[in-house]
file protein02.txt (compact mmCIF, C-alpha atoms)
# COMPACT_ATOMS: atom_id res chain seq x y z
CA MET A 15 28.28 -36.71 -214.07
CA LYS A 16 29.75 -38.88 -216.81
CA LEU A 17 30.66 -37.72 -220.30
CA ALA A 18 27.90 -36.97 -222.80
CA PRO A 19 28.50 -37.08 -226.59
CA ARG A 20 28.42 -33.27 -226.72
CA CYS A 21 31.38 -33.10 -224.34
CA TYR A 22 33.73 -34.17 -227.13
CA GLU A 23 33.34 -30.91 -229.04
CA CYS A 24 33.94 -28.86 -225.89
CA LEU A 25 37.06 -30.81 -224.92
CA HIS A 26 38.38 -30.53 -228.49
CA ARG A 27 37.90 -26.76 -228.30
CA LEU A 28 39.58 -26.71 -224.91
CA ALA A 29 42.65 -28.49 -226.26
CA GLN A 30 42.98 -26.01 -229.12
CA GLN A 31 42.53 -23.02 -226.83
CA ALA A 32 45.05 -24.29 -224.27
CA VAL A 33 47.71 -24.88 -226.92
CA GLU A 34 47.20 -21.49 -228.55
CA LEU A 35 47.49 -19.74 -225.19
CA ALA A 36 50.55 -21.75 -224.14
CA THR A 37 52.95 -20.91 -226.97
CA ASP A 38 53.45 -19.03 -230.25
CA ASP A 39 55.97 -21.60 -231.46
CA THR A 40 54.42 -23.36 -234.47
CA ALA A 41 56.30 -26.63 -233.99
CA LEU A 42 55.46 -26.82 -230.28
CA ARG A 43 51.83 -26.02 -231.02
CA GLN A 44 51.62 -28.84 -233.53
CA LYS A 45 53.21 -31.33 -231.16
CA ALA A 46 51.04 -30.24 -228.23
CA ILE A 47 47.75 -30.33 -230.12
CA THR A 48 48.60 -33.75 -231.57
CA GLU A 49 49.29 -35.19 -228.11
CA ALA A 50 46.30 -33.45 -226.53
CA LEU A 51 43.92 -34.80 -229.17
CA ASN A 52 45.43 -38.27 -228.79
CA ILE A 53 44.48 -38.11 -225.11
CA LEU A 54 40.97 -36.94 -225.99
CA ASN A 55 40.40 -39.64 -228.60
CA ASN A 56 41.86 -42.45 -226.50
CA ASP A 57 40.17 -41.51 -223.23
CA PHE A 58 36.76 -40.28 -224.39
CA SER A 59 34.29 -42.78 -222.96
CA PRO A 60 30.85 -42.72 -221.29
CA SER A 61 32.54 -44.10 -218.17
CA LYS A 62 34.82 -41.05 -217.77
CA LEU A 63 34.37 -37.54 -216.38
CA SER A 64 35.20 -34.55 -218.59
CA ILE A 65 37.39 -33.09 -215.84
CA GLU A 66 39.61 -36.20 -215.90
CA ILE A 67 40.34 -35.72 -219.60
CA ALA A 68 40.73 -31.94 -219.24
CA THR A 69 43.30 -32.49 -216.48
CA LYS A 70 45.38 -34.76 -218.74
CA ILE A 71 45.11 -32.32 -221.65
CA HIS A 72 46.40 -29.40 -219.58
CA GLN A 73 49.19 -31.53 -218.14
CA ILE A 74 50.52 -32.55 -221.57
CA VAL A 75 50.24 -28.96 -222.86
CA ARG A 76 52.30 -27.72 -219.90
CA GLU A 77 54.91 -30.44 -220.38
CA ILE A 78 55.37 -29.89 -224.11
CA THR A 79 55.27 -26.08 -224.21
CA GLY A 80 57.09 -25.48 -220.92
CA ASN A 81 54.39 -22.97 -219.96
CA PRO A 82 53.20 -23.69 -216.39
CA ASP A 83 50.26 -21.25 -216.48
CA HIS A 84 48.94 -20.73 -219.99
CA TYR A 85 45.75 -19.02 -218.72
CA ARG A 86 47.69 -16.43 -216.65
CA ALA A 87 46.82 -13.43 -218.88
CA ILE A 88 43.14 -14.41 -218.97
CA LYS A 89 43.04 -14.81 -215.19
CA GLU A 90 44.65 -11.43 -214.58
CA LYS A 91 42.09 -9.67 -216.80
CA GLU A 92 39.29 -11.72 -215.27
CA MET A 93 40.25 -10.75 -211.72
CA LEU A 94 40.48 -7.05 -212.59
CA LEU A 95 37.06 -7.18 -214.26
CA ALA A 96 35.53 -9.12 -211.36
CA ARG A 97 36.92 -6.74 -208.74
CA GLU A 98 35.47 -3.72 -210.58
CA LEU A 99 32.10 -5.41 -210.99
CA TYR A 100 32.03 -6.52 -207.36
CA ILE A 101 32.58 -2.93 -206.18
CA GLU A 102 29.90 -1.69 -208.58
CA LEU A 103 27.30 -4.27 -207.52
CA SER A 104 28.09 -3.86 -203.84
CA LEU A 105 27.49 -0.11 -204.05
CA ARG A 106 24.24 -0.73 -205.93
CA ALA A 107 23.13 -3.17 -203.24
CA GLU A 108 23.85 -0.61 -200.50
CA VAL A 109 21.52 1.87 -202.22
CA ALA A 110 18.85 -0.80 -202.70
CA SER A 111 19.05 -1.90 -199.07
CA GLY A 112 17.92 1.56 -197.97
CA LYS A 113 14.74 1.20 -200.02
CA ALA A 114 13.62 -2.32 -199.24
CA CYS A 115 14.20 -5.02 -196.67
CA ARG A 116 16.15 -7.98 -198.05
CA SER A 117 17.76 -11.12 -196.76
CA GLU A 118 21.52 -10.74 -196.42
CA PHE A 119 21.99 -14.45 -196.98
CA ARG A 120 20.02 -14.59 -200.24
CA HIS A 121 21.76 -11.50 -201.50
CA TYR A 122 25.21 -12.95 -200.79
CA LEU A 123 24.24 -16.30 -202.32
CA LYS A 124 23.01 -14.63 -205.52
CA LEU A 125 26.12 -12.49 -205.66
CA ALA A 126 28.29 -15.62 -205.46
CA ALA A 127 26.18 -17.32 -208.14
CA ALA A 128 26.28 -14.32 -210.50
CA ALA A 129 30.06 -14.54 -210.73
CA ASN A 130 29.82 -18.10 -212.02
CA ALA A 131 28.89 -16.52 -215.34
CA ILE A 132 32.67 -16.21 -215.80
CA ASP A 133 33.78 -18.59 -218.56
CA PHE A 134 37.10 -18.68 -220.42
CA PHE A 135 35.29 -19.51 -223.67
CA ARG A 136 33.32 -16.22 -223.59
CA GLU A 137 34.18 -12.59 -224.29
CA PHE A 138 34.61 -10.35 -221.26
CA GLY A 139 31.90 -7.98 -222.51
CA ALA A 140 29.28 -10.76 -222.47
CA ILE A 141 30.42 -11.93 -219.04
CA LYS A 142 30.18 -8.40 -217.67
CA GLU A 143 26.65 -8.07 -219.02
CA ASP A 144 25.56 -11.38 -217.48
CA ILE A 145 26.99 -10.66 -214.04
CA ARG A 146 25.10 -7.37 -213.91
CA LYS A 147 21.76 -9.11 -214.50
CA PRO A 148 19.55 -10.15 -211.55
CA VAL A 149 19.95 -13.81 -210.56
CA THR A 150 16.92 -16.09 -210.38
CA PHE A 151 17.50 -19.67 -209.28
CA VAL A 152 15.64 -22.22 -211.44
CA LEU A 153 16.42 -24.80 -208.75
CA ASP A 154 16.28 -23.04 -205.40
CA ASP A 155 17.20 -24.84 -202.18
CA SER A 156 18.46 -21.65 -200.54
CA GLU A 157 16.06 -21.94 -197.59
CA ARG A 158 17.17 -25.52 -196.91
CA LEU A 159 20.78 -24.40 -197.15
CA GLN A 160 20.22 -21.54 -194.72
CA ALA A 161 18.68 -23.94 -192.19
CA LYS A 162 21.54 -26.42 -192.63
CA LEU A 163 24.17 -23.72 -192.17
CA LYS A 164 22.87 -22.98 -188.70
CA THR A 165 23.68 -26.51 -187.52
CA ALA A 166 26.91 -27.07 -189.49
CA ARG A 167 30.24 -27.09 -187.66
CA LYS A 168 32.61 -27.32 -190.63
CA ILE A 169 32.03 -26.13 -194.21
CA LEU A 170 34.31 -26.70 -197.21
CA TYR A 171 33.79 -23.92 -199.77
CA LEU A 172 35.14 -25.12 -203.13
CA ALA A 173 36.25 -22.13 -205.21
CA ASP A 174 35.95 -22.06 -208.99
CA ASN A 175 37.07 -19.36 -211.46
CA ALA A 176 39.71 -16.92 -210.24
CA GLY A 177 37.55 -13.80 -210.51
CA GLU A 178 34.79 -15.30 -208.38
CA VAL A 179 36.84 -14.89 -205.20
CA TYR A 180 35.60 -11.31 -204.69
CA PHE A 181 31.97 -12.40 -205.00
CA ASP A 182 32.53 -15.36 -202.66
CA LEU A 183 33.90 -13.20 -199.88
CA PRO A 184 30.63 -11.80 -198.41
CA LEU A 185 29.01 -15.25 -198.33
CA VAL A 186 32.05 -16.88 -196.72
CA LYS A 187 32.10 -14.19 -194.04
CA TRP A 188 28.37 -14.66 -193.42
CA MET A 189 28.80 -18.43 -193.10
CA ARG A 190 31.56 -17.94 -190.54
CA GLN A 191 28.91 -16.75 -188.06
CA PHE A 192 27.82 -20.38 -187.76
CA ALA A 193 30.69 -22.65 -188.71
CA HIS A 194 34.37 -23.11 -189.36
CA VAL A 195 34.67 -22.34 -193.09
CA ILE A 196 37.61 -23.63 -195.12
CA TYR A 197 38.07 -22.03 -198.54
CA VAL A 198 39.50 -24.50 -201.07
CA VAL A 199 41.57 -23.46 -204.11
CA LYS A 200 43.88 -25.23 -206.56
CA PRO A 201 47.55 -25.79 -205.67
CA ALA A 202 48.82 -24.96 -209.16
CA PRO A 203 47.44 -23.46 -212.39
CA VAL A 204 44.77 -25.23 -214.41
CA GLN A 205 42.49 -23.33 -216.79
CA ASN A 206 41.30 -20.13 -215.09
CA ASP A 207 40.68 -21.79 -211.72
CA LEU A 208 41.68 -19.87 -208.59
CA THR A 209 45.07 -20.99 -207.27
CA LEU A 210 46.81 -20.32 -203.97
CA ASP A 211 49.16 -17.94 -205.79
CA ASP A 212 46.24 -16.02 -207.38
CA PHE A 213 44.64 -15.74 -203.97
CA LYS A 214 47.81 -14.31 -202.42
CA ARG A 215 48.36 -11.89 -205.32
CA ALA A 216 44.86 -10.52 -204.73
CA GLY A 217 45.81 -9.72 -201.13
CA LEU A 218 42.90 -11.67 -199.68
CA GLU A 219 44.75 -13.96 -197.27
CA SER A 220 43.46 -12.13 -194.21
CA GLU A 221 39.90 -11.86 -195.55
CA LEU A 222 38.87 -15.48 -196.11
CA GLY A 223 40.28 -17.23 -193.05
CA ASP A 224 41.46 -20.81 -193.48
CA VAL A 225 42.51 -21.73 -197.02
CA ILE A 226 43.71 -25.11 -198.29
CA THR A 227 44.19 -26.64 -201.72
CA THR A 228 42.75 -29.73 -203.35
CA GLY A 229 46.30 -30.99 -203.87
CA VAL A 230 45.68 -31.53 -207.60
CA ALA A 231 45.71 -29.12 -210.55
CA SER A 232 42.44 -30.26 -212.07
CA PRO A 233 39.18 -28.56 -213.02
CA GLY A 234 36.71 -29.59 -210.32
CA ILE A 235 38.25 -32.41 -208.27
CA VAL A 236 39.79 -35.63 -209.50
CA PHE A 237 39.52 -37.46 -206.17
CA SER A 238 42.02 -40.18 -207.05
CA LEU A 239 44.70 -37.46 -207.33
CA ALA A 240 43.61 -35.20 -204.47
CA SER A 241 45.80 -34.71 -201.39
CA ALA A 242 45.37 -36.58 -198.13
CA GLU A 243 44.72 -33.27 -196.36
CA PHE A 244 41.89 -32.39 -198.71
CA LYS A 245 40.33 -35.85 -198.47
CA ARG A 246 40.49 -35.68 -194.68
CA GLU A 247 38.76 -32.28 -194.56
CA PHE A 248 36.25 -33.40 -197.17
CA GLU A 249 35.23 -36.46 -195.17
CA SER A 250 34.86 -34.54 -191.90
CA ALA A 251 32.91 -31.56 -193.29
CA ASP A 252 29.22 -31.14 -192.50
CA LEU A 253 28.64 -29.28 -195.76
CA ILE A 254 30.46 -29.03 -199.09
CA PHE A 255 29.60 -25.75 -200.81
CA ALA A 256 30.60 -26.35 -204.44
CA LYS A 257 30.92 -23.56 -206.99
CA GLY A 258 30.75 -24.28 -210.71
CA MET A 259 30.11 -27.08 -213.16
CA GLY A 260 33.41 -28.91 -212.66
CA HIS A 261 32.64 -29.55 -209.00
CA TYR A 262 29.11 -30.65 -209.88
CA GLU A 263 30.51 -33.15 -212.40
CA ALA A 264 32.79 -34.64 -209.72
CA LEU A 265 30.51 -34.60 -206.67
CA SER A 266 27.39 -35.80 -208.45
CA GLU A 267 29.13 -39.16 -208.90
CA LEU A 268 29.32 -39.61 -205.11
CA PRO A 269 26.52 -40.78 -202.77
CA GLN A 270 24.16 -37.90 -202.01
CA LYS A 271 23.77 -37.39 -198.26
CA GLY A 272 22.28 -33.92 -198.09
CA ALA A 273 25.80 -32.54 -197.64
CA PHE A 274 26.53 -31.14 -201.14
CA PHE A 275 25.31 -27.70 -202.13
CA TYR A 276 25.80 -26.74 -205.77
CA CYS A 277 25.94 -23.05 -206.65
CA LEU A 278 26.43 -22.64 -210.37
CA LYS A 279 25.31 -21.43 -213.76
CA ALA A 280 24.56 -24.37 -216.08
CA LYS A 281 26.51 -23.09 -219.08
CA CYS A 282 26.46 -26.22 -221.24
CA HIS A 283 23.79 -28.67 -222.42
CA PRO A 284 25.17 -31.83 -220.71
CA VAL A 285 25.25 -30.18 -217.26
CA ALA A 286 21.89 -28.47 -217.81
CA ASP A 287 20.34 -31.75 -218.96
CA SER A 288 21.78 -33.59 -215.96
CA LEU A 289 20.20 -31.01 -213.63
CA GLY A 290 16.93 -30.88 -215.61
CA VAL A 291 17.13 -27.13 -216.26
CA PRO A 292 17.48 -24.92 -219.36
CA VAL A 293 20.98 -23.90 -220.46
CA ASN A 294 22.28 -20.79 -218.64
CA SER A 295 20.04 -21.39 -215.61
CA TYR A 296 21.29 -20.54 -212.15
CA VAL A 297 21.11 -23.40 -209.68
CA ALA A 298 21.16 -23.48 -205.87
CA LEU A 299 20.77 -27.19 -205.15
CA LEU A 300 21.22 -29.15 -201.92
CA GLN A 301 21.73 -32.91 -202.34
call {"tool": "encode", "arguments": {"input": "protein02.txt", "output": "structure tokens"}}
result
Amino acid sequence: MKLAPRCYECLHRLAQQAVELATDDTALRQKAITEALNILNNDFSPSKLSIEIATKIHQIVREITGNPDHYRAIKEKEMLLARELYIELSLRAEVASGKACRSEFRHYLKLAAAANAIDFFREFGAIKEDIRKPVTFVLDDSERLQAKLKTARKILYLADNAGEVYFDLPLVKWMRQFAHVIYVVKPAPVQNDLTLDDFKRAGLESELGDVITTGVASPGIVFSLASAEFKREFESADLIFAKGMGHYEALSELPQKGAFFYCLKAKCHPVADSLGVPVNSYVALLQ
């Protein structure tokens, strides 16, 4: 999905947020924001992806401020919140399961989708409220996905925001009944995306099986910068399960072969318009 005019405002806001989180030094802030906005103004074009520009913005902010992980504090709070909410919703689901028959798969899929309400531009209170709400998919290919899972041999599960890892876990375990599932995280910090270090700190190494990285610290995936290992696994996978808008922006530019499944909340107008759904809709789309 290429840049829309509205993306400029969001990327401008991102640059300001990243700089403010990276340092309290006034001179460094001024230098960093100047360089970040130069990148935005020079690179902003209908032929580009927003994740390409965001990657460059975060890189220059890290270089100038010397802060390798300016979203660290946000991620730590996010993961604590997500873990508490996951325990709460799991207990609620156990009670509900004794009252009515439900599909494990749909429950796990909705649980994974609910956590995509996490957004570093929003207050934690609003995120908490959204995750607690029932999920209804405006685009719902869950039945097609379930059928495809039963014939898949290898699945790449592309992780998104750090806190979502707890909500991904039940679905990943369910998928492992049918296929070899590889959980994909970022190799180094970028925004509030889940990194290999975050994953290890959470003590989940033994829970999710095989884990690799994209090889590039970018929101979504900038394929030109991704590692050879990731590209190899990507090409050989029967299904790419992609969480979040950044992955949709990247993968939607590739040929659709019925191998990409998008699980996300469309939190901005350009992504919602591209998908043909209202803003803040949940999407479970196989393409």
call {"tool": "atom_distance", "arguments": {"input": "protein02.txt", "atom1": "atom CA of Pro19 of chain A", "atom2": "atom CA of Asp133 of chain A"}}
result
20.8 Å
call {"tool": "residues_around", "arguments": {"input": "protein02.txt", "residues": "Ala256 of chain A", "least_positions_apart": "6", "cutoff": "10 Å", "atoms": "all atoms listed in the file", "output": "list of chain:residue names"}}
result
A:Leu170, A:Tyr171, A:Leu172, A:Ala173, A:Asp174, A:Val198, A:Gly234, A:Tyr262, A:Leu265, A:Phe274, A:Phe275, A:Tyr276, A:Cys277, A:Leu278, A:Ala298, A:Leu299
call {"tool": "atom_distance", "arguments": {"input": "protein02.txt", "atom1": "atom CA of Ala166 of chain A", "atom2": "atom CA of Leu123 of chain A"}}
result
17.0 Å
call {"tool": "closest_residue", "arguments": {"input": "protein02.txt", "among": "A:Gly217, A:Pro184, A:Pro284, A:Pro203", "to": "Tyr85 of chain A", "atoms": "all atoms listed in the file"}}
result
A:Pro203
call {"tool": "atom_distance", "arguments": {"input": "protein02.txt", "atom1": "atom CA of Arg120 of chain A", "atom2": "atom CA of Ala273 of chain A"}}
result
19.0 Å
call {"tool": "closest_residue", "arguments": {"input": "protein02.txt", "among": "A:Ser238, A:Glu118, A:Glu66, A:Leu253", "to": "Lys271 of chain A", "atoms": "all atoms listed in the file"}}
result
A:Leu253
call {"tool": "residues_around", "arguments": {"input": "protein02.txt", "residues": "Val291 of chain A", "least_positions_apart": "5", "cutoff": "9 Å", "atoms": "only C-alpha atoms", "output": "list of chain:residue names"}}
result
A:Val152, A:Leu153, A:Ala280, A:Val285, A:Ala286, A:Tyr296, A:Val297
call {"tool": "closest_residue", "arguments": {"input": "protein02.txt", "among": "A:Ser220, A:Thr79, A:Gln205, A:Asn175", "to": "Lys187 of chain A", "atoms": "all atoms listed in the file"}}
result
A:Ser220
call {"tool": "closest_residue", "arguments": {"input": "protein02.txt", "among": "A:Met259, A:Cys21, A:Ala126, A:Ala242", "to": "Asp182 of chain A", "atoms": "only C-alpha atoms"}}
result
A:Ala126
call {"tool": "axis_aligned_box", "arguments": {"input": "protein02.txt", "around": "segment 77-82 of chain A", "padding_each_side": "5 Å", "output": "JSON"}}
result
{"center_x": 55.1, "center_y": -26.7, "center_z": -220.3, "size_x": 13.9, "size_y": 17.5, "size_z": 17.8}
call {"tool": "closest_atom_pairs", "arguments": {"input": "protein02.txt", "of": "segment 126-182 of chain A", "to": "segment 88-102 of chain A", "cutoff": "7 Å", "atoms": "all atoms listed in the file", "output": "tab-separated table"}}
result
residue	atom	partner	partner_atom	distance
A:Ala176	CA	A:Lys89	CA	6.3
A:Gly177	CA	A:Met93	CA	4.2
A:Glu178	CA	A:Ala96	CA	6.9
A:Tyr180	CA	A:Arg97	CA	6.2
A:Phe181	CA	A:Tyr100	CA	6.3
call {"tool": "closest_residue", "arguments": {"input": "protein02.txt", "among": "A:Pro60, A:Ala29, A:Leu222, A:Lys45", "to": "His72 of chain A", "atoms": "all atoms listed in the file"}}
result
A:Ala29
call {"tool": "closest_residue", "arguments": {"input": "protein02.txt", "among": "A:Ala140, A:Leu185, A:Val199, A:Ala32", "to": "Asp212 of chain A", "atoms": "only C-alpha atoms"}}
result
A:Val199
